[in-house]
Amino acid sequence: MALESTEAFERLPLKTYTEKAYLDYSMYVILDRALPHIGDGLKPVQRRIVYAMSELGLSAQSKHKKSARTVGDVLGKFHPHGDSACYEAMVLLAQPFSTRYPLVDGQGNWGSPDDPKSFAAMRYTEARLTPIAKILLDELGQGTVDWQPNFDGTLKEPKLLPARVPSILLNGTTGIAVGMATDIPPHNLREVVNAAVHLLDDPDASVSDLMRFVPGPDYPTTAEIISSPADLAKVYETGNGSIRMRATYVSEDGDIVINALPHQASPARILEQIAAQMQAKKLPMIVDLRDESDHENPIRLVLTPRSNRVNAEEVMTHLFATTDLEKTYRVNLNMIGVDGRPQVKSLRAILSEWLDWRRQTVTRRLTHRLDQVMDRLHILEGYLVAYLNIDEVIRIIREEDEPKTELMERFGLSEVQANAILDLRLRHLAKLEEVKIQAEQKELEKERKYLEGVLGSRTKMTQLMRDELTKDAETYGDERRSPIVVRQEARALREDQLVASEPVTVVLSDNGWIRSAKGHDIDPEALAYKSGDQYLISAQGRSNQPLVAFDTTGRAYSVQTHTLPSARSQGEPLSGRIDLASGAKVTQLALADEATKWVLATDHGYGFICKHGDLLGRNKAGKSVVNLGDAKLLPPAVMGDAELSRIAVAVSSGHLLVFEAHELPELAKGKGNKLIQIPPALLKEGHRVTAITVLPPLRSLRVIAGKRHVTLSPSDLENFVGERARRGKLLPRGFQRVDKLEAES
């Protein structure tokens, strides 16, 4: 067999062919699949579902029919694609938790908020249209829209549905095309119609004017929209932005009850997220979690706090930041305009363009009706001629071979009139028919004048559009579901805030091994230590408080207390958690909350007041806090009320000075100010500050020297009170080698 001539084939460069093929595919996806049209707010598959159901007679007053029947009609007549995709699109139109104004009334299992895709197969479910679908279909047969052949050319389908309200904003939609996407949130029908009516009255209205009527989206859920006014204004002015929604909750008998979730948030998923935090011990303030949702309370998630001291607002703020109790939705008001091109539009552009489209639709409807009225009046004129000459008409019909031609010539009738007369039934030749024709003529003339008046006056047309919009809003509108509230930004609790607050004692050994024991009543020196090691220092506080370790160079290192090993073991090297300088050694510990103040003092007699929070840092190398030089840091003393407290300082020479705490400055770091005067001669002899403490008002001071101790009452202490940086006075003989100072309780 001879090869065919190469001239029978078209030759194209691969680049040209692929570019054209991909562009064709892209335009198909954009225009005929993924993006909604501004006119009726529907994608092609949604439009075909609604139209097919109307053709099947599935109005809101009819009986439900199997969903498979509808899907079959859609696929067989208009939409030759997958049945599962078509049925899923139909399900979304029926789910009240997915669609603000459902167009399909489903019967059977159509999914749940927990799992929207848990709907039954289409052979098990039944459906019909909802009442609100009438606003898309009622004007369909009134010459309002263009029609196109279906995919095989055997039927006609509408290019658009003649929506009577701006449905593009009512239910919203999401879609991903090629190189573009759309995310249009749902809105409240009454609010959108009020904005459209305002734009009819004031065509120059700005977006901010329209936002007085449409303050924001309105989702099917009663959760709060917490986007700021500026964010909402940006969405409607540019067509791009984001919307944040947050769950709502109430307190009932000590429990936290979540009663509304953000749009498309799954209760089961949220319960899993909270339970995961509880299992990871990252939510110690919650002891129980229950789902008490039922038919009366579709959303009811109950959290039980550990005690009534738990701050519910703080817990929920954390959960908003870490779970789907708060969600952000992207907004991209991208749609196919009247000109057939996709574009991101502002709120004003959407309503303005839709109103222009609606004006064209109403004009086509009225023109279509006017044509019908004129045609009927024309026929009625022929009928009247026939009744006035009934005998002659009957004779012509009985005797003439071509009665139509004879009638047209004899009475000056048109072909349409002659055909109408010939089609008359005998029973319509009664005497009363003439009266009925004249009455119908009168009514039609009245309607003709009205239609011509509206079509000839822009003002009357605008009034008609306003009246129809207002009527539909009254019939199908409802109250806003999603309140718009300004809230503070959600923030997750810090790790230390999520740790259970328990009393602990942190113990550090001489070789730098650290551990944490529960409680404050333990004897740290009695713990077991490694061979050659022994107790060095300890600090008491709570497990959720940050620990600060001071080394011999004056640097402070932060350590998370709750992460320390248990005192049942011998601990772990502190050097594994911090980067100590070469030759440095940790000598002091401080454990408290960030607001606590300390007196940091050196044995050379200098010091300052410092907040615990100022000592904290994220760097493992720590932060420089105290300028020590060759001095040593004394154990930090907890600072009380600086206005009323006193500071007691003891020197190894036996001198004791008590001065007002407010005389000492509060610093973040440094050497500090002189606490007590140590003469150079005494310094040369090796005398240093040995103890320091803070005395609350009217407290006695316990002076410990070796195994001996003495308590100085407030009146006794007056002998040692002086200004800061004074030398102080000598303690009684036997108590001059002070090891420790304590404020008596």
# chains A, B, ... in the order shown; residues from 1 in each chain; ligands from 1
call {"tool": "residues_around", "arguments": {"residues": "Arg568 in chain A", "least_positions_apart": "2", "cutoff": "8 Å", "atoms": "only C-alpha atoms", "output": "PyMOL selection string"}}
result
chain A and resi 517+566+570
call {"tool": "residues_around", "arguments": {"residues": "Trp147 in chain A", "least_positions_apart": "5", "cutoff": "7 Å", "atoms": "only C-alpha atoms", "output": "list in words"}}
result
Lys156, Glu157, Pro158 and Lys159 of chain A
call {"tool": "write_last_selection", "arguments": {"atoms": "C-alpha atoms", "output": "PDB file, in the first residue's frame"}}
result
ATOM      1  CA  LYS A 156     -30.336  24.013  24.309  1.00  0.00           C
ATOM      2  CA  GLU A 157     -29.064  25.209  27.674  1.00  0.00           C
ATOM      3  CA  PRO A 158     -28.929  28.718  29.162  1.00  0.00           C
ATOM      4  CA  LYS A 159     -25.578  30.470  29.093  1.00  0.00           C
TER       5      LYS A 159
END
call {"tool": "closest_atom_pairs", "arguments": {"of": "range 130-192 of chain A", "to": "range 66-80 of chain A", "cutoff": "9 Å", "atoms": "only C-alpha atoms", "output": "CSV"}}
result
residue,atom,partner,partner_atom,distance
A:Asn150,CA,A:Phe78,CA,5.6
A:Phe151,CA,A:Phe78,CA,6.3
A:Asp152,CA,A:Lys77,CA,8.3
A:Thr154,CA,A:Lys77,CA,8.5
A:Leu155,CA,A:Lys77,CA,7.4
A:Lys156,CA,A:Phe78,CA,8.9
A:Glu157,CA,A:Phe78,CA,7.5
call {"tool": "residues_around", "arguments": {"residues": "Val559 in chain A", "least_positions_apart": "4", "cutoff": "7 Å", "atoms": "only C-alpha atoms", "output": "number ranges by chain"}}
result
A: 546-548
call {"tool": "atom_distance", "arguments": {"atom1": "CA of Leu92 in chain A", "atom2": "CA of Ile258 in chain A"}}
result
25.3 Å
call {"tool": "select_by_dssp", "arguments": {"residues": "range 113-195 of chain A", "states": "strand (DSSP E)", "output": "ChimeraX atom specification"}}
result
/A:126-129,147-149,156-158,173-176,181-184
call {"tool": "atom_distance", "arguments": {"atom1": "CA of Lys620 in chain A", "atom2": "CA of Thr596 in chain A"}}
result
22.2 Å
call {"tool": "closest_atom_pairs", "arguments": {"of": "range 213-262 of chain A", "to": "range 304-327 of chain A", "cutoff": "7 Å", "atoms": "only C-alpha atoms", "output": "Markdown table"}}
result
| residue | atom | partner | partner_atom | distance |
| --- | --- | --- | --- | --- |
| A:Arg244 | CA | A:Lys327 | CA | 5.7 |
| A:Met245 | CA | A:Lys327 | CA | 5.4 |
| A:Arg246 | CA | A:Glu326 | CA | 4.3 |
| A:Ala247 | CA | A:Leu325 | CA | 5.2 |
| A:Gly254 | CA | A:Asn308 | CA | 6.4 |
| A:Asp255 | CA | A:Thr304 | CA | 4.8 |
| A:Ile256 | CA | A:Thr304 | CA | 6.4 |
| A:Leu261 | CA | A:Leu325 | CA | 6.3 |
| A:Pro262 | CA | A:Lys327 | CA | 6.5 |
call {"tool": "write_last_selection", "arguments": {"atoms": "C-alpha atoms", "output": "PDB file, in the first residue's frame"}}
result
ATOM      1  CA  ARG A 244     -10.201  35.733  60.318  1.00  0.00           C
ATOM      2  CA  MET A 245     -12.866  33.803  62.216  1.00  0.00           C
ATOM      3  CA  ARG A 246     -12.805  32.726  65.833  1.00  0.00           C
ATOM      4  CA  ALA A 247     -14.933  30.262  67.788  1.00  0.00           C
ATOM      5  CA  GLY A 254     -16.885  26.199  85.798  1.00  0.00           C
ATOM      6  CA  ASP A 255     -16.596  24.536  82.360  1.00  0.00           C
ATOM      7  CA  ILE A 256     -15.624  26.238  79.120  1.00  0.00           C
ATOM      8  CA  LEU A 261     -16.774  27.059  65.241  1.00  0.00           C
ATOM      9  CA  PRO A 262     -15.245  28.882  62.269  1.00  0.00           C
TER      10      PRO A 262
END
call {"tool": "residues_around", "arguments": {"residues": "Ser715 in chain A", "least_positions_apart": "2", "cutoff": "12 Å", "atoms": "only C-alpha atoms", "output": "compact mmCIF listing (two decimals) with C-alpha atoms, in the first residue's frame"}}
result
# COMPACT_ATOMS: atom_id res chain seq x y z
CA PRO A 697 8.84 46.12 107.78
CA LEU A 698 8.79 45.33 111.54
CA ARG A 699 10.69 42.07 111.14
CA SER A 700 13.42 40.82 113.43
CA LEU A 701 16.84 39.85 112.10
CA THR A 711 17.81 37.52 117.05
CA LEU A 712 17.78 41.29 116.88
CA SER A 713 14.33 42.79 117.39
CA LEU A 717 18.11 46.98 114.85
CA GLU A 718 17.72 50.72 115.27
CA ASN A 719 21.28 50.76 116.64
CA PHE A 720 22.56 49.48 113.29
CA VAL A 721 20.42 51.65 111.00
call {"tool": "select_by_dssp", "arguments": {"residues": "range 301-354 of chain A", "states": "helix (DSSP H, G or I)", "output": "ChimeraX atom specification"}}
result
/A:312-322,347-354
call {"tool": "residues_around", "arguments": {"residues": "Lys530 in chain A", "least_positions_apart": "4", "cutoff": "12 Å", "atoms": "only C-alpha atoms", "output": "PyMOL selection string"}}
result
chain A and resi 509-514+534-535+569-573
call {"tool": "closest_residue", "arguments": {"among": "A:Arg466, A:His662, A:His709, A:Lys15", "to": "Leu644 in chain A", "atoms": "only C-alpha atoms"}}
result
A:His662
call {"tool": "residues_around", "arguments": {"residues": "Val178 in chain A", "least_positions_apart": "2", "cutoff": "8 Å", "atoms": "only C-alpha atoms", "output": "PyMOL selection string"}}
result
chain A and resi 26+29-30+176+180-181
call {"tool": "write_last_selection", "arguments": {"atoms": "C-alpha atoms", "output": "mmCIF file, in the first residue's frame"}}
result
data_model
loop_
_atom_site.group_PDB
_atom_site.id
_atom_site.type_symbol
_atom_site.label_atom_id
_atom_site.label_comp_id
_atom_site.auth_asym_id
_atom_site.auth_seq_id
_atom_site.Cartn_x
_atom_site.Cartn_y
_atom_site.Cartn_z
ATOM 1 C CA SER A 26 -6.357 27.135 30.216
ATOM 2 C CA VAL A 29 -10.699 25.763 32.782
ATOM 3 C CA ILE A 30 -10.967 29.472 33.507
ATOM 4 C CA ILE A 176 -8.545 26.918 41.150
ATOM 5 C CA MET A 180 -5.508 32.098 38.815
ATOM 6 C CA ALA A 181 -7.926 31.182 41.563
#
call {"tool": "residues_around", "arguments": {"residues": "range 209-214 of chain A", "least_positions_apart": "4", "cutoff": "7 Å", "atoms": "only C-alpha atoms", "output": "short mmCIF file (atom, residue, chain, number, x, y, z; two decimals) with all heavy atoms, in the first residue's frame"}}
result
data_model
loop_
_atom_site.label_atom_id
_atom_site.label_comp_id
_atom_site.auth_asym_id
_atom_site.auth_seq_id
_atom_site.Cartn_x
_atom_site.Cartn_y
_atom_site.Cartn_z
N GLU A 191 -28.12 42.46 53.43
CA GLU A 191 -27.06 43.47 53.40
C GLU A 191 -26.62 43.76 51.96
O GLU A 191 -26.43 44.92 51.58
CB GLU A 191 -25.87 42.99 54.24
CG GLU A 191 -26.18 42.90 55.73
CD GLU A 191 -25.01 42.35 56.54
OE1 GLU A 191 -24.00 41.93 55.93
OE2 GLU A 191 -25.11 42.34 57.78
N VAL A 192 -26.46 42.71 51.17
CA VAL A 192 -26.02 42.89 49.78
C VAL A 192 -27.08 43.65 48.98
O VAL A 192 -26.75 44.56 48.20
CB VAL A 192 -25.72 41.52 49.13
CG1 VAL A 192 -25.49 41.68 47.64
CG2 VAL A 192 -24.50 40.88 49.78
N ASN A 194 -29.34 45.72 50.18
CA ASN A 194 -29.36 47.12 50.64
C ASN A 194 -28.24 47.92 50.01
O ASN A 194 -28.42 49.08 49.64
CB ASN A 194 -29.26 47.17 52.17
CG ASN A 194 -30.52 46.69 52.86
OD1 ASN A 194 -31.59 46.69 52.25
ND2 ASN A 194 -30.41 46.28 54.10
N ALA A 195 -27.05 47.29 49.88
CA ALA A 195 -25.93 47.98 49.24
C ALA A 195 -26.22 48.22 47.76
O ALA A 195 -25.92 49.30 47.22
CB ALA A 195 -24.65 47.16 49.41
N ALA A 205 -21.49 56.23 44.85
CA ALA A 205 -21.16 55.76 46.20
C ALA A 205 -19.81 55.06 46.21
O ALA A 205 -19.47 54.30 45.30
CB ALA A 205 -22.25 54.82 46.71
#
